[in-house]
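Single-structure report; data block below.
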Amino acid sequence: MAFFVGADGADYRVTFAAAEWALDGGRVVKSETPPKRYSFVIGPGEPGTTAAQRLFGLHEQRAARRFDDVRDAFSVERLNKTFFDGYRTHHKNIVRSLATKAATRVFGLESPTDAEEMLTEPGYKPARDFVKRMMGRIVFLYFVQRKGWLGADPSAKPGEYIGGDKRYVRNVLAARGSANVYSGALAPLFFEVLNTDRTAQGDVCRLSSRRVPYLNSGLFEPEGLRRRARMSPIEQHMQLELNEQALIAFFDFLDEFNFTVDENSPDEGEVGVDPEMLGHIFENLLEDNRERGTFYTPKAVVEFMCKESVLRYLSRRLGERPELERLVRSHDVGNWNDDKNWVKKHAADIVEALTSVRVCDPAVGSGAFPMGMLNEIFWLRYSLRPVREKELGALKKSIIQDNLCGVDLDKNAVEIARLRFWLSIIVDATTPEPLPNLEFRFLQGDSLVDLVGGHREWAQRHLPGVSMAHDSSQQAELGLVETSGRASAYAREQRRIRDLIASHFSLHGEPKAELAREIEAAEKAFVLDVLRHVTEDLERMPKSAKVRAQLDMTRRRIDRLKSAEDGDDRDYFPWLFYEDRQFDIVIANPPYISAIDHGKVYGEEARKALKETYASAKGAFDVYVCFFELACNQLVDGGVLTFITPNKYLSVDYAQALRDLIRERMKLSLVVDLSSVKVFKEASVYPVVTVLERGVEQGRAVSVMHGRSKLTPDDIVMSELPAADSRWLDALPNRIWGVLLSEHRSVLEKVSSKSRWLGDVANVNAMTTAGEADAFGTQLRDSASGGCRVINTGTIDPFESLWGQKALTKQGAKFLHPVLTLDTETLGNRLTLFRSPKIIVAKIAHRCEAFLDSEGAFGGLDVNCIYAPAGDYTLKFLVGYLHSDVAAFVHRLFFGGLAMSGGYLPFQAPHLRVLPVPHPESKLVARVEMAVDAIVASRDAGSIDLSPVADIDRALAAHFGLTPSDMTAIREVVQREMEDAESRNA
């Protein structure tokens, strides 16, 4: 622990530095975790509540204090939770306080019968959004006043800010007299002071007669509080009187915390509220995050993904060099005095590449990835070409303007992203300057829906710079009409709008607002004109059902766009105005929305439109699949795609089309398994980071890494696994790639070399469809004798049915002895299958659970079955193999990415069909069947003994040539995965 005192002795910091050590074979060694530093900044000018509480707690624990107690006292994570919990409570209190007639009238709403309705009812969302925006503005000012820029000495030289008041906002509130805290103090400060250029008056604020800068930026532009209001937005705000008690309580809460004007790196943490924490808090306050499939990405993961993206981009431009890797990973430029220094010799080329890189996040959320890219590009450029302190802000502005772009469907998320970037500029600025306009750098819109919707072929013909999502035969059938001169007219207007957007970044005052209105009007007119031409072309064609559906959809889009008011959310995004030469890097944590949730939230029409637009959108696709294809379309040749997504796409059936697309158009460069890390507290997914490069030859290997965390998702240790031979990308049926994540691929090679796919040696099917299962469920009866016995997934254990021992539940009813009448009238074409010898397999389990129905006595609901084996294969042999550790190991390698909550894996027919089963050599079959007979005999005797499964694995080891170390690895994988699943579930 160290104490650092400032030059004036007034403020100082207490720093706790920690590195972890461990015992290894009796030796003390340093672990992989890098040293971390955590600091409290304290003194007369700083809030000391957190530091006082934490350090006093250590004092009280002195008799039994442990190292972990000290680390916890300096925990930024703990502060995050404390601040977020309090922030959320105050947000709710302020929202509830708006449940008055006077307040709701300002929003054009009826007052609720219960204040709690303000927090939940969709109709009151405008009020909730206002509170989030207001609280964001207040917190932003807390960061600004920390710089000493508010309430500065008005007698100082023009542009000089000295003697600032670090409690300026509170002092403005105290000076308001009897005026309302919002309409009489905050609203004038926001909209009449911070949003007004007062250079001619020396930046003096009428509220305090002290100097306050003109901050520009959209953050302090007054938004309308109600639709179709006669009053101006600022007049609406001046009418709104907020509950003083609720608002002052929020200020009291903020005053307890230290606001740091820096985004902590994973290795350095000031125990205070920083801009990165603010982004996390605001993102968690966004409504419908879970339904929209959006989740916060920890900063350690963000930093890793950004560094990896920049490294691969630079390597493409300058070649792969160890010096380049050191530069990107640790900003190490080497010995600058060495004339042979590679980085020094190529510094100009590296800077030029960084200056020209174009980065996009199509699901930007609160801006974590663009912010991470800003920091990486900034520090690399600064390391190579240091600039003076007063030029740091200008460097950041240039990177934001020239290199970064982000889009999100949620307008509130976009506002958060802009807020974080304004804060990032303030961090390095030495004197206040008007902030840049970010309205056209971080934008609201539906990234997946271009301005022409699903009419991609039409767009490719007529709109410049539009890339095809795929060669769609469905679109080609439309035969859309070519019209001479249309493309050139669109190109001219496209260039004009792009030029307007570029010039908006640095404008101030009314010219800025006028240009924004011009851009929005031009975009709307452009899109309407395009859609009208699409309609005209469709109307000339034969009116097939497909064409009629296209016409209806296009006309509805025109109607929605015509009726839209200024500021309404887009249900599309006009990429052609923002991807002038496409992107070098597309980086994102795209939304994870299952087929069911997507249909519920956005409707089947939206889902159908995605299927028509994206070749990879097949079956029950998750929305993140479409983002992969979108990014591929947006990248230049050699461009880098870096996503964090569920690892399901490596194995799941609906993503086979995506895997095919990747093989055809991309290089799979790196996969990083993060399934052992609880990356997303809110989402039950097992994540993987994927790095792809467009149009690059695959090469011989795919790099593989594994991430583990001991404490928090921001304490992740990455380790490299043996690279995967790229032939695995095509080796397995349906291009299953889950095997890439395992370091035991060599074991799988031995197994697969002496095996055939189960689907090739037996019939593997579901015993019923979902509809049949529901229909049969209505005809179930409870009878200990007679009829066809019925089981389901919950009444199957290894090698045995639990019929008569455990109740089957179906449609709310329980049956201990469920049966169905064994006739054609009841069972239809399922009668033959139910009567056949078969293996019945539970569809969900940690490892395979199945039993042999050799007499054809059982039917099944929501289960799968294996029957009619070919050649020398027998059902007894197959059921024994299915329960082996070898089979469990292979299944986990293939489908571990599909694990559900609790670590349960699917054993559906498609998963079973691709399981490799050993060649039925007579000795092997005899040994396996003997073990099965022993297990069945113990079961029939009343106490099942599964120990003979070990005999099965020994026989398989001999057959496949597996070594003792191979078998140890197999058992460890199966056991570890189950333990990890239980740990994550807990």
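If you're wondering about the labels, chains in the structure tokens are A, B, ... by order shown, residues count from 1 in each chain, ligands from 1 in order shown.
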List every residue of region 707-954 of chain A that DSSP, applied to the backbone, labels as alpha helix (DSSP H), and write the result as a PDB file with C-alpha atoms, in the first residue's frame.
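Saved to result.pdb:
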```pdb
ATOM      1  CA  TRP A 728     -11.786 -29.673 -39.203  1.00  0.00           C
ATOM      2  CA  LEU A 729     -13.885 -26.917 -40.789  1.00  0.00           C
ATOM      3  CA  ASP A 730     -15.111 -29.456 -43.357  1.00  0.00           C
ATOM      4  CA  ALA A 731     -14.439 -32.796 -41.657  1.00  0.00           C
ATOM      5  CA  ARG A 745      -8.882 -33.016 -31.148  1.00  0.00           C
ATOM      6  CA  SER A 746      -6.214 -35.694 -31.637  1.00  0.00           C
ATOM      7  CA  VAL A 747      -8.333 -38.072 -29.535  1.00  0.00           C
ATOM      8  CA  LEU A 748     -11.304 -37.422 -31.774  1.00  0.00           C
ATOM      9  CA  GLU A 749      -9.160 -38.233 -34.796  1.00  0.00           C
ATOM     10  CA  LYS A 750      -8.458 -41.687 -33.390  1.00  0.00           C
ATOM     11  CA  VAL A 751     -12.151 -42.267 -32.676  1.00  0.00           C
ATOM     12  CA  SER A 752     -13.460 -41.050 -36.015  1.00  0.00           C
ATOM     13  CA  SER A 753     -10.871 -43.002 -38.015  1.00  0.00           C
ATOM     14  CA  LEU A 758     -24.730 -43.237 -36.356  1.00  0.00           C
ATOM     15  CA  GLY A 759     -27.163 -41.887 -38.925  1.00  0.00           C
ATOM     16  CA  ASP A 760     -25.495 -44.080 -41.571  1.00  0.00           C
ATOM     17  CA  VAL A 761     -25.875 -47.336 -39.636  1.00  0.00           C
ATOM     18  CA  ALA A 770     -44.642 -31.788 -31.193  1.00  0.00           C
ATOM     19  CA  GLY A 771     -48.210 -31.874 -32.498  1.00  0.00           C
ATOM     20  CA  GLU A 772     -48.462 -35.636 -32.114  1.00  0.00           C
ATOM     21  CA  ALA A 773     -47.066 -35.458 -28.590  1.00  0.00           C
ATOM     22  CA  ASP A 774     -49.775 -32.966 -27.618  1.00  0.00           C
ATOM     23  CA  ALA A 775     -52.495 -35.066 -29.290  1.00  0.00           C
ATOM     24  CA  PHE A 776     -51.313 -38.285 -27.638  1.00  0.00           C
ATOM     25  CA  GLY A 777     -51.100 -36.460 -24.331  1.00  0.00           C
ATOM     26  CA  THR A 824     -54.096 -47.532 -35.471  1.00  0.00           C
ATOM     27  CA  GLU A 825     -56.969 -45.249 -34.479  1.00  0.00           C
ATOM     28  CA  THR A 826     -54.976 -43.922 -31.535  1.00  0.00           C
ATOM     29  CA  LEU A 827     -51.416 -44.045 -32.837  1.00  0.00           C
ATOM     30  CA  LEU A 831     -48.057 -47.738 -34.326  1.00  0.00           C
ATOM     31  CA  THR A 832     -45.325 -49.643 -36.196  1.00  0.00           C
ATOM     32  CA  LEU A 833     -42.533 -47.613 -34.586  1.00  0.00           C
ATOM     33  CA  PHE A 834     -43.969 -47.998 -31.094  1.00  0.00           C
ATOM     34  CA  ARG A 835     -44.140 -51.794 -31.587  1.00  0.00           C
ATOM     35  CA  LEU A 875     -29.253 -52.183 -30.635  1.00  0.00           C
ATOM     36  CA  LYS A 876     -27.633 -53.725 -27.559  1.00  0.00           C
ATOM     37  CA  PHE A 877     -24.171 -52.740 -28.837  1.00  0.00           C
ATOM     38  CA  LEU A 878     -25.325 -49.206 -29.668  1.00  0.00           C
ATOM     39  CA  VAL A 879     -27.016 -48.585 -26.314  1.00  0.00           C
ATOM     40  CA  GLY A 880     -23.843 -49.691 -24.534  1.00  0.00           C
ATOM     41  CA  TYR A 881     -21.674 -47.394 -26.641  1.00  0.00           C
ATOM     42  CA  LEU A 882     -24.004 -44.402 -26.116  1.00  0.00           C
ATOM     43  CA  ASP A 885     -17.260 -41.935 -21.554  1.00  0.00           C
ATOM     44  CA  VAL A 886     -15.934 -41.978 -25.112  1.00  0.00           C
ATOM     45  CA  ALA A 887     -19.369 -41.200 -26.551  1.00  0.00           C
ATOM     46  CA  ALA A 888     -19.981 -38.524 -23.887  1.00  0.00           C
ATOM     47  CA  PHE A 889     -16.614 -36.964 -24.713  1.00  0.00           C
ATOM     48  CA  VAL A 890     -17.299 -36.830 -28.451  1.00  0.00           C
ATOM     49  CA  HIS A 891     -20.789 -35.421 -27.923  1.00  0.00           C
ATOM     50  CA  ARG A 892     -19.392 -32.645 -25.707  1.00  0.00           C
ATOM     51  CA  LEU A 893     -16.734 -31.804 -28.256  1.00  0.00           C
ATOM     52  CA  PHE A 894     -19.378 -31.493 -30.948  1.00  0.00           C
ATOM     53  CA  PHE A 895     -22.209 -29.867 -29.033  1.00  0.00           C
ATOM     54  CA  ALA A 909     -32.085 -36.732 -33.665  1.00  0.00           C
ATOM     55  CA  PRO A 910     -29.779 -34.366 -35.654  1.00  0.00           C
ATOM     56  CA  HIS A 911     -27.194 -34.494 -32.840  1.00  0.00           C
ATOM     57  CA  LEU A 912     -27.370 -38.268 -32.524  1.00  0.00           C
ATOM     58  CA  ARG A 913     -27.053 -38.918 -36.258  1.00  0.00           C
ATOM     59  CA  SER A 922     -16.974 -59.095 -33.331  1.00  0.00           C
ATOM     60  CA  LYS A 923     -14.721 -58.967 -30.234  1.00  0.00           C
ATOM     61  CA  LEU A 924     -15.743 -55.404 -29.487  1.00  0.00           C
ATOM     62  CA  VAL A 925     -19.441 -56.132 -29.950  1.00  0.00           C
ATOM     63  CA  ALA A 926     -19.207 -59.154 -27.668  1.00  0.00           C
ATOM     64  CA  ARG A 927     -17.467 -57.208 -24.870  1.00  0.00           C
ATOM     65  CA  VAL A 928     -19.921 -54.295 -25.059  1.00  0.00           C
ATOM     66  CA  GLU A 929     -22.992 -56.558 -25.131  1.00  0.00           C
ATOM     67  CA  MET A 930     -21.662 -58.579 -22.186  1.00  0.00           C
ATOM     68  CA  ALA A 931     -21.381 -55.359 -20.161  1.00  0.00           C
ATOM     69  CA  VAL A 932     -24.899 -54.336 -21.154  1.00  0.00           C
ATOM     70  CA  ASP A 933     -26.245 -57.766 -20.100  1.00  0.00           C
ATOM     71  CA  ALA A 934     -24.602 -57.336 -16.699  1.00  0.00           C
ATOM     72  CA  ILE A 935     -26.130 -53.890 -16.225  1.00  0.00           C
ATOM     73  CA  VAL A 936     -29.589 -55.052 -17.301  1.00  0.00           C
ATOM     74  CA  ALA A 937     -29.363 -58.070 -14.983  1.00  0.00           C
ATOM     75  CA  SER A 938     -28.563 -55.818 -12.015  1.00  0.00           C
ATOM     76  CA  ARG A 939     -31.431 -53.537 -12.992  1.00  0.00           C
ATOM     77  CA  ASP A 940     -33.874 -56.425 -13.170  1.00  0.00           C
ATOM     78  CA  VAL A 949     -19.645 -49.134 -18.320  1.00  0.00           C
ATOM     79  CA  ALA A 950     -15.958 -48.967 -17.425  1.00  0.00           C
ATOM     80  CA  ASP A 951     -15.525 -52.318 -19.213  1.00  0.00           C
ATOM     81  CA  ILE A 952     -17.147 -50.762 -22.277  1.00  0.00           C
ATOM     82  CA  ASP A 953     -14.659 -47.877 -22.212  1.00  0.00           C
ATOM     83  CA  ARG A 954     -11.733 -50.278 -21.846  1.00  0.00           C
TER      84      ARG A 954
END
```
Close residues, Arg557 (chain A) itself excluded, 9 Å, only C-alpha atoms, min 3 positions apart in chain, as a ChimeraX atom specification: /A:453,528,531,552-554,560-562,571
Residues of region 519-638 of chain A in strand (DSSP E), written as a list of chain:residue names: A:Phe583, A:Asp584, A:Ile585, A:Val586, A:Ile587, A:Ala588, A:Leu635, A:Val636, A:Asp637, A:Gly638
Fewer than 3 positions away in the same chain doesn't count, so skip those; otherwise give me all residues within 8 Å of Phe907 (chain A), counting only C-alpha atoms, as a tab-separated table (two decimals) with N, CA and C atoms, in the first residue's frame.
```
chain	number	residue	atom	x	y	z
A	841	VAL	N	-34.21	-42.49	-26.34
A	841	VAL	CA	-33.19	-41.57	-25.84
A	841	VAL	C	-33.84	-40.30	-25.31
A	842	ALA	N	-33.48	-39.92	-24.09
A	842	ALA	CA	-33.94	-38.64	-23.55
A	842	ALA	C	-33.37	-37.50	-24.39
A	843	LYS	N	-34.17	-36.49	-24.65
A	843	LYS	CA	-33.72	-35.44	-25.58
A	843	LYS	C	-32.84	-34.39	-24.92
A	844	ILE	N	-32.80	-34.33	-23.58
A	844	ILE	CA	-31.96	-33.37	-22.86
A	844	ILE	C	-31.34	-34.09	-21.66
A	845	ALA	N	-30.04	-33.98	-21.51
A	845	ALA	CA	-29.36	-34.62	-20.38
A	845	ALA	C	-27.93	-34.08	-20.29
A	848	CYS	N	-25.66	-38.91	-22.26
A	848	CYS	CA	-26.74	-39.70	-22.83
A	848	CYS	C	-27.46	-40.55	-21.78
A	864	ASN	N	-36.39	-39.26	-28.50
A	864	ASN	CA	-35.86	-39.72	-29.78
A	864	ASN	C	-35.60	-41.21	-29.71
A	911	HIS	N	-28.44	-34.37	-33.59
A	911	HIS	CA	-27.19	-34.49	-32.84
A	911	HIS	C	-26.75	-35.95	-32.76
A	912	LEU	N	-27.71	-36.85	-32.62
A	912	LEU	CA	-27.37	-38.27	-32.52
A	912	LEU	C	-26.87	-38.82	-33.86
```
Non-local contacts of Ile425 (chain A) (9 Å; only C-alpha atoms; under 3 positions in same chain excluded) as a list in words: Leu392, Gly393, Ala394, Lys396, Lys397, Arg420, Phe421, Trp422, Asp428, Ala429 and Leu435 of chain A
Near-region 778-791 of chain A list (6 Å; only C-alpha atoms; drop same-chain fewer than 3 positions) as a list in words: Ala775, Thr795, Phe815, His817, Pro818, Val819, Leu820, Thr821, Leu822, Phe858, Gly859 and Gly860 of chain A
One-decimal distance in Å that lies between CA of Glu493 (chain A) and CA of Leu409 (chain A): 25.2 Å
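Nearest-residue note for Phe573 (chain A): choosing from A:Ile970, A:Val302, A:Leu443, A:Ala870, the minimum distance belongs to A:Leu443, counting only C-alpha atoms.
Separating CA of Gly707 (chain A) from CA of Ser726 (chain A) is a distance of 21.4 Å.
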Separation of CA of Arg418 (chain A) from CA of Leu285 (chain A) in Å: 16.1 Å
